[in-house]
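One file, query.txt, carrying compact mmCIF, N, CA and C atoms:
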```
# COMPACT_ATOMS: atom_id res chain seq x y z
N MET A 8 0.86 -1.17 0.00
CA MET A 8 0.00 0.00 0.00
C MET A 8 0.91 1.23 0.00
N ASP A 9 0.66 2.10 -0.93
CA ASP A 9 1.47 3.31 -0.98
C ASP A 9 0.82 4.42 -0.14
N TYR A 10 1.48 5.55 -0.11
CA TYR A 10 1.03 6.67 0.71
C TYR A 10 -0.39 7.10 0.34
N GLU A 11 -0.69 7.23 -0.94
CA GLU A 11 -2.00 7.72 -1.39
C GLU A 11 -3.12 6.75 -1.01
N GLN A 12 -2.85 5.47 -1.15
CA GLN A 12 -3.86 4.48 -0.76
C GLN A 12 -4.10 4.52 0.75
N GLY A 13 -3.04 4.68 1.52
CA GLY A 13 -3.18 4.78 2.97
C GLY A 13 -3.96 6.02 3.37
N ARG A 14 -3.68 7.13 2.69
CA ARG A 14 -4.39 8.37 2.99
C ARG A 14 -5.88 8.23 2.67
N GLN A 15 -6.17 7.63 1.53
CA GLN A 15 -7.56 7.44 1.14
C GLN A 15 -8.29 6.50 2.11
N ALA A 16 -7.60 5.45 2.52
CA ALA A 16 -8.20 4.53 3.48
C ALA A 16 -8.47 5.24 4.80
N GLY A 17 -7.52 6.07 5.24
CA GLY A 17 -7.70 6.83 6.48
C GLY A 17 -8.87 7.80 6.37
N GLU A 18 -8.99 8.49 5.24
CA GLU A 18 -10.11 9.42 5.04
C GLU A 18 -11.44 8.67 5.03
N SER A 19 -11.45 7.51 4.41
CA SER A 19 -12.66 6.70 4.35
C SER A 19 -13.08 6.26 5.76
N MET A 20 -12.11 5.83 6.56
CA MET A 20 -12.41 5.42 7.93
C MET A 20 -12.89 6.60 8.75
N LEU A 21 -12.29 7.76 8.56
CA LEU A 21 -12.69 8.96 9.28
C LEU A 21 -14.12 9.35 8.91
N GLU A 22 -14.44 9.31 7.64
CA GLU A 22 -15.80 9.63 7.18
C GLU A 22 -16.82 8.64 7.75
N SER A 23 -16.45 7.37 7.77
CA SER A 23 -17.33 6.35 8.33
C SER A 23 -17.56 6.60 9.82
N ALA A 24 -16.50 6.94 10.54
CA ALA A 24 -16.63 7.23 11.97
C ALA A 24 -17.51 8.45 12.20
N LYS A 25 -17.35 9.49 11.39
CA LYS A 25 -18.19 10.69 11.52
C LYS A 25 -19.67 10.35 11.28
N ASN A 26 -19.92 9.52 10.28
CA ASN A 26 -21.31 9.12 10.01
C ASN A 26 -21.90 8.33 11.17
N THR A 27 -21.09 7.46 11.75
CA THR A 27 -21.55 6.67 12.89
C THR A 27 -21.88 7.59 14.07
N VAL A 28 -21.01 8.55 14.34
CA VAL A 28 -21.25 9.49 15.43
C VAL A 28 -22.53 10.29 15.17
N ASP A 29 -22.73 10.72 13.95
CA ASP A 29 -23.95 11.46 13.62
C ASP A 29 -25.20 10.61 13.82
N ASP A 30 -25.12 9.34 13.40
CA ASP A 30 -26.26 8.43 13.60
C ASP A 30 -26.56 8.23 15.08
N VAL A 31 -25.52 8.00 15.86
CA VAL A 31 -25.70 7.80 17.30
C VAL A 31 -26.29 9.06 17.93
N ARG A 32 -25.78 10.21 17.56
CA ARG A 32 -26.28 11.48 18.09
C ARG A 32 -27.77 11.64 17.75
N HIS A 33 -28.14 11.33 16.51
CA HIS A 33 -29.53 11.46 16.08
C HIS A 33 -30.44 10.52 16.89
N HIS A 34 -30.03 9.26 17.03
CA HIS A 34 -30.83 8.30 17.78
C HIS A 34 -30.92 8.68 19.26
N ALA A 35 -29.83 9.15 19.82
CA ALA A 35 -29.85 9.55 21.23
C ALA A 35 -30.83 10.70 21.43
N HIS A 36 -30.84 11.66 20.51
CA HIS A 36 -31.76 12.78 20.63
C HIS A 36 -33.21 12.30 20.52
N GLU A 37 -33.48 11.35 19.61
CA GLU A 37 -34.82 10.80 19.49
C GLU A 37 -35.26 10.11 20.78
N TYR A 38 -34.38 9.30 21.36
CA TYR A 38 -34.71 8.60 22.60
C TYR A 38 -34.92 9.59 23.74
N TYR A 39 -34.11 10.62 23.78
CA TYR A 39 -34.26 11.66 24.81
C TYR A 39 -35.63 12.33 24.68
N GLU A 40 -36.02 12.69 23.48
CA GLU A 40 -37.32 13.34 23.27
C GLU A 40 -38.47 12.39 23.62
N GLN A 41 -38.34 11.12 23.27
CA GLN A 41 -39.38 10.16 23.62
C GLN A 41 -39.51 10.03 25.13
N GLY A 42 -38.38 10.00 25.83
CA GLY A 42 -38.39 9.91 27.29
C GLY A 42 -39.03 11.14 27.91
N ARG A 43 -38.70 12.32 27.38
CA ARG A 43 -39.30 13.55 27.89
C ARG A 43 -40.81 13.54 27.71
N GLU A 44 -41.27 13.08 26.55
CA GLU A 44 -42.71 13.05 26.29
C GLU A 44 -43.41 12.06 27.21
N LYS A 45 -42.79 10.90 27.45
CA LYS A 45 -43.39 9.93 28.36
C LYS A 45 -43.44 10.49 29.79
N ALA A 46 -42.40 11.20 30.20
CA ALA A 46 -42.39 11.80 31.53
C ALA A 46 -43.49 12.85 31.64
N ARG A 47 -43.68 13.64 30.59
CA ARG A 47 -44.78 14.62 30.59
C ARG A 47 -46.14 13.93 30.70
N ASP A 48 -46.31 12.83 29.97
CA ASP A 48 -47.57 12.09 30.03
C ASP A 48 -47.83 11.56 31.44
N VAL A 49 -46.81 11.01 32.07
CA VAL A 49 -46.97 10.49 33.43
C VAL A 49 -47.32 11.63 34.38
N LYS A 50 -46.65 12.76 34.23
CA LYS A 50 -46.94 13.92 35.09
C LYS A 50 -48.39 14.37 34.92
N ARG A 51 -48.85 14.48 33.67
CA ARG A 51 -50.24 14.87 33.41
C ARG A 51 -51.22 13.88 34.02
N ARG A 52 -50.91 12.59 33.87
CA ARG A 52 -51.80 11.56 34.40
C ARG A 52 -51.88 11.63 35.92
N ILE A 53 -50.73 11.82 36.56
CA ILE A 53 -50.72 11.91 38.02
C ILE A 53 -51.48 13.14 38.48
N GLU A 54 -51.24 14.29 37.82
CA GLU A 54 -51.96 15.51 38.18
C GLU A 54 -53.46 15.34 37.99
N SER A 55 -53.86 14.66 36.93
CA SER A 55 -55.27 14.43 36.68
C SER A 55 -55.87 13.52 37.75
N ASP A 56 -55.15 12.47 38.12
CA ASP A 56 -55.64 11.56 39.16
C ASP A 56 -55.78 12.29 40.49
N ILE A 57 -54.84 13.14 40.81
CA ILE A 57 -54.90 13.90 42.07
C ILE A 57 -56.06 14.87 42.04
N ALA A 58 -56.26 15.55 40.91
CA ALA A 58 -57.37 16.50 40.80
C ALA A 58 -58.72 15.79 40.86
N ASP A 59 -58.80 14.59 40.30
CA ASP A 59 -60.06 13.84 40.30
C ASP A 59 -60.41 13.28 41.68
N ALA A 60 -59.42 12.92 42.46
CA ALA A 60 -59.66 12.31 43.78
C ALA A 60 -58.62 12.82 44.78
N PRO A 61 -58.75 14.08 45.20
CA PRO A 61 -57.72 14.63 46.10
C PRO A 61 -57.64 13.93 47.46
N LEU A 62 -58.77 13.57 48.03
CA LEU A 62 -58.76 12.92 49.34
C LEU A 62 -58.08 11.55 49.25
N ALA A 63 -58.39 10.80 48.23
CA ALA A 63 -57.76 9.48 48.06
C ALA A 63 -56.26 9.64 47.82
N SER A 64 -55.88 10.68 47.08
CA SER A 64 -54.45 10.91 46.82
C SER A 64 -53.70 11.25 48.09
N VAL A 65 -54.27 12.13 48.90
CA VAL A 65 -53.62 12.49 50.16
C VAL A 65 -53.56 11.29 51.09
N SER A 66 -54.65 10.52 51.14
CA SER A 66 -54.67 9.33 51.99
C SER A 66 -53.60 8.33 51.56
N ALA A 67 -53.47 8.13 50.25
CA ALA A 67 -52.45 7.20 49.75
C ALA A 67 -51.06 7.71 50.09
N ALA A 68 -50.83 9.00 49.93
CA ALA A 68 -49.51 9.57 50.26
C ALA A 68 -49.20 9.40 51.74
N CYS A 69 -50.19 9.61 52.59
CA CYS A 69 -49.99 9.43 54.04
C CYS A 69 -49.68 7.97 54.37
N ALA A 70 -50.41 7.06 53.74
CA ALA A 70 -50.18 5.64 54.00
C ALA A 70 -48.77 5.22 53.55
N ILE A 71 -48.36 5.70 52.40
CA ILE A 71 -47.01 5.38 51.91
C ILE A 71 -45.96 5.96 52.85
N GLY A 72 -46.17 7.20 53.28
CA GLY A 72 -45.23 7.82 54.23
C GLY A 72 -45.16 7.06 55.54
N LEU A 73 -46.30 6.61 56.03
CA LEU A 73 -46.34 5.86 57.28
C LEU A 73 -45.59 4.54 57.14
N VAL A 74 -45.85 3.82 56.06
CA VAL A 74 -45.17 2.54 55.83
C VAL A 74 -43.66 2.74 55.72
N LEU A 75 -43.25 3.74 54.94
CA LEU A 75 -41.82 4.02 54.80
C LEU A 75 -41.21 4.43 56.14
N GLY A 76 -41.91 5.27 56.88
CA GLY A 76 -41.40 5.71 58.18
C GLY A 76 -41.22 4.56 59.15
N VAL A 77 -42.21 3.69 59.21
CA VAL A 77 -42.11 2.53 60.10
C VAL A 77 -40.97 1.62 59.64
N GLY A 78 -40.88 1.39 58.33
CA GLY A 78 -39.80 0.53 57.81
C GLY A 78 -38.43 1.09 58.11
N ILE A 79 -38.25 2.39 57.91
CA ILE A 79 -36.96 3.02 58.20
C ILE A 79 -36.67 2.97 59.69
N GLY A 80 -37.71 3.21 60.50
CA GLY A 80 -37.54 3.13 61.95
C GLY A 80 -37.11 1.74 62.40
N VAL A 81 -37.69 0.72 61.83
CA VAL A 81 -37.33 -0.66 62.18
C VAL A 81 -35.87 -0.93 61.76
N LEU A 82 -35.49 -0.48 60.55
CA LEU A 82 -34.12 -0.70 60.11
C LEU A 82 -33.11 0.04 60.99
N ILE A 83 -33.42 1.26 61.35
CA ILE A 83 -32.50 2.03 62.20
C ILE A 83 -32.44 1.39 63.59
N GLY A 84 -33.60 1.00 64.10
CA GLY A 84 -33.63 0.37 65.41
C GLY A 84 -32.85 -0.93 65.47
N SER A 85 -32.96 -1.73 64.42
CA SER A 85 -32.24 -3.02 64.42
C SER A 85 -30.75 -2.81 64.24
N SER A 86 -30.35 -1.76 63.53
CA SER A 86 -28.91 -1.52 63.37
C SER A 86 -28.31 -0.93 64.64
N MET A 87 -29.10 -0.26 65.45
CA MET A 87 -28.58 0.32 66.68
C MET A 87 -28.41 -0.73 67.77
N ASN A 88 -29.15 -1.84 67.65
CA ASN A 88 -29.07 -2.91 68.65
C ASN A 88 -27.91 -3.86 68.42
N ARG A 89 -27.14 -3.64 67.42
CA ARG A 89 -26.03 -4.54 67.10
C ARG A 89 -24.82 -4.21 67.93
```
Please re-express this file's structure in structure tokens.
Amino acid sequence: MDYEQGRQAGESMLESAKNTVDDVRHHAHEYYEQGREKARDVKRRIESDIADAPLASVSAACAIGLVLGVGIGVLIGSSMNR
């Protein structure tokens, strides 16, 4: 392989790498946008559920907080007894 063939091969590899990076960048942006849209949908759904049943939402949040608090208290208590 002479110098010119090596240079052309290097340019070809560089162009291929640039195309790959562009493709990855494009797909990453698409996935990012899809994730943002799904997060917005979840947020809207949660807000709608809370607006439709505020008492049930607050009750559920209190129950979850109580369960987590008791669980954390039990874990802390058992680690202090060691």
Kindly list the centre and edge lengths in Å, rounded to one decimal, for the axis-aligned box that covers all listed atoms of region 34-37 of chain A plus 5 Å on each of its six sides, as lines of an AutoDock Vina configuration file.
```
center_x = -32.5
center_y = 10.5
center_z = 19.2
size_x = 15.4
size_y = 14.5
size_z = 14.4
```
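Across the structure, CA of Val77 (chain A) and atom N of Val65 (chain A) are spaced 19.1 Å apart.
For the pair CA of Arg51 (chain A) and atom N of His34 (chain A), the interatomic distance is 26.6 Å.
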Exercise. Do you have the atom C of Ser66 (chain A)-CA of Asp48 (chain A) distance handy?
Worked result: 22.7 Å
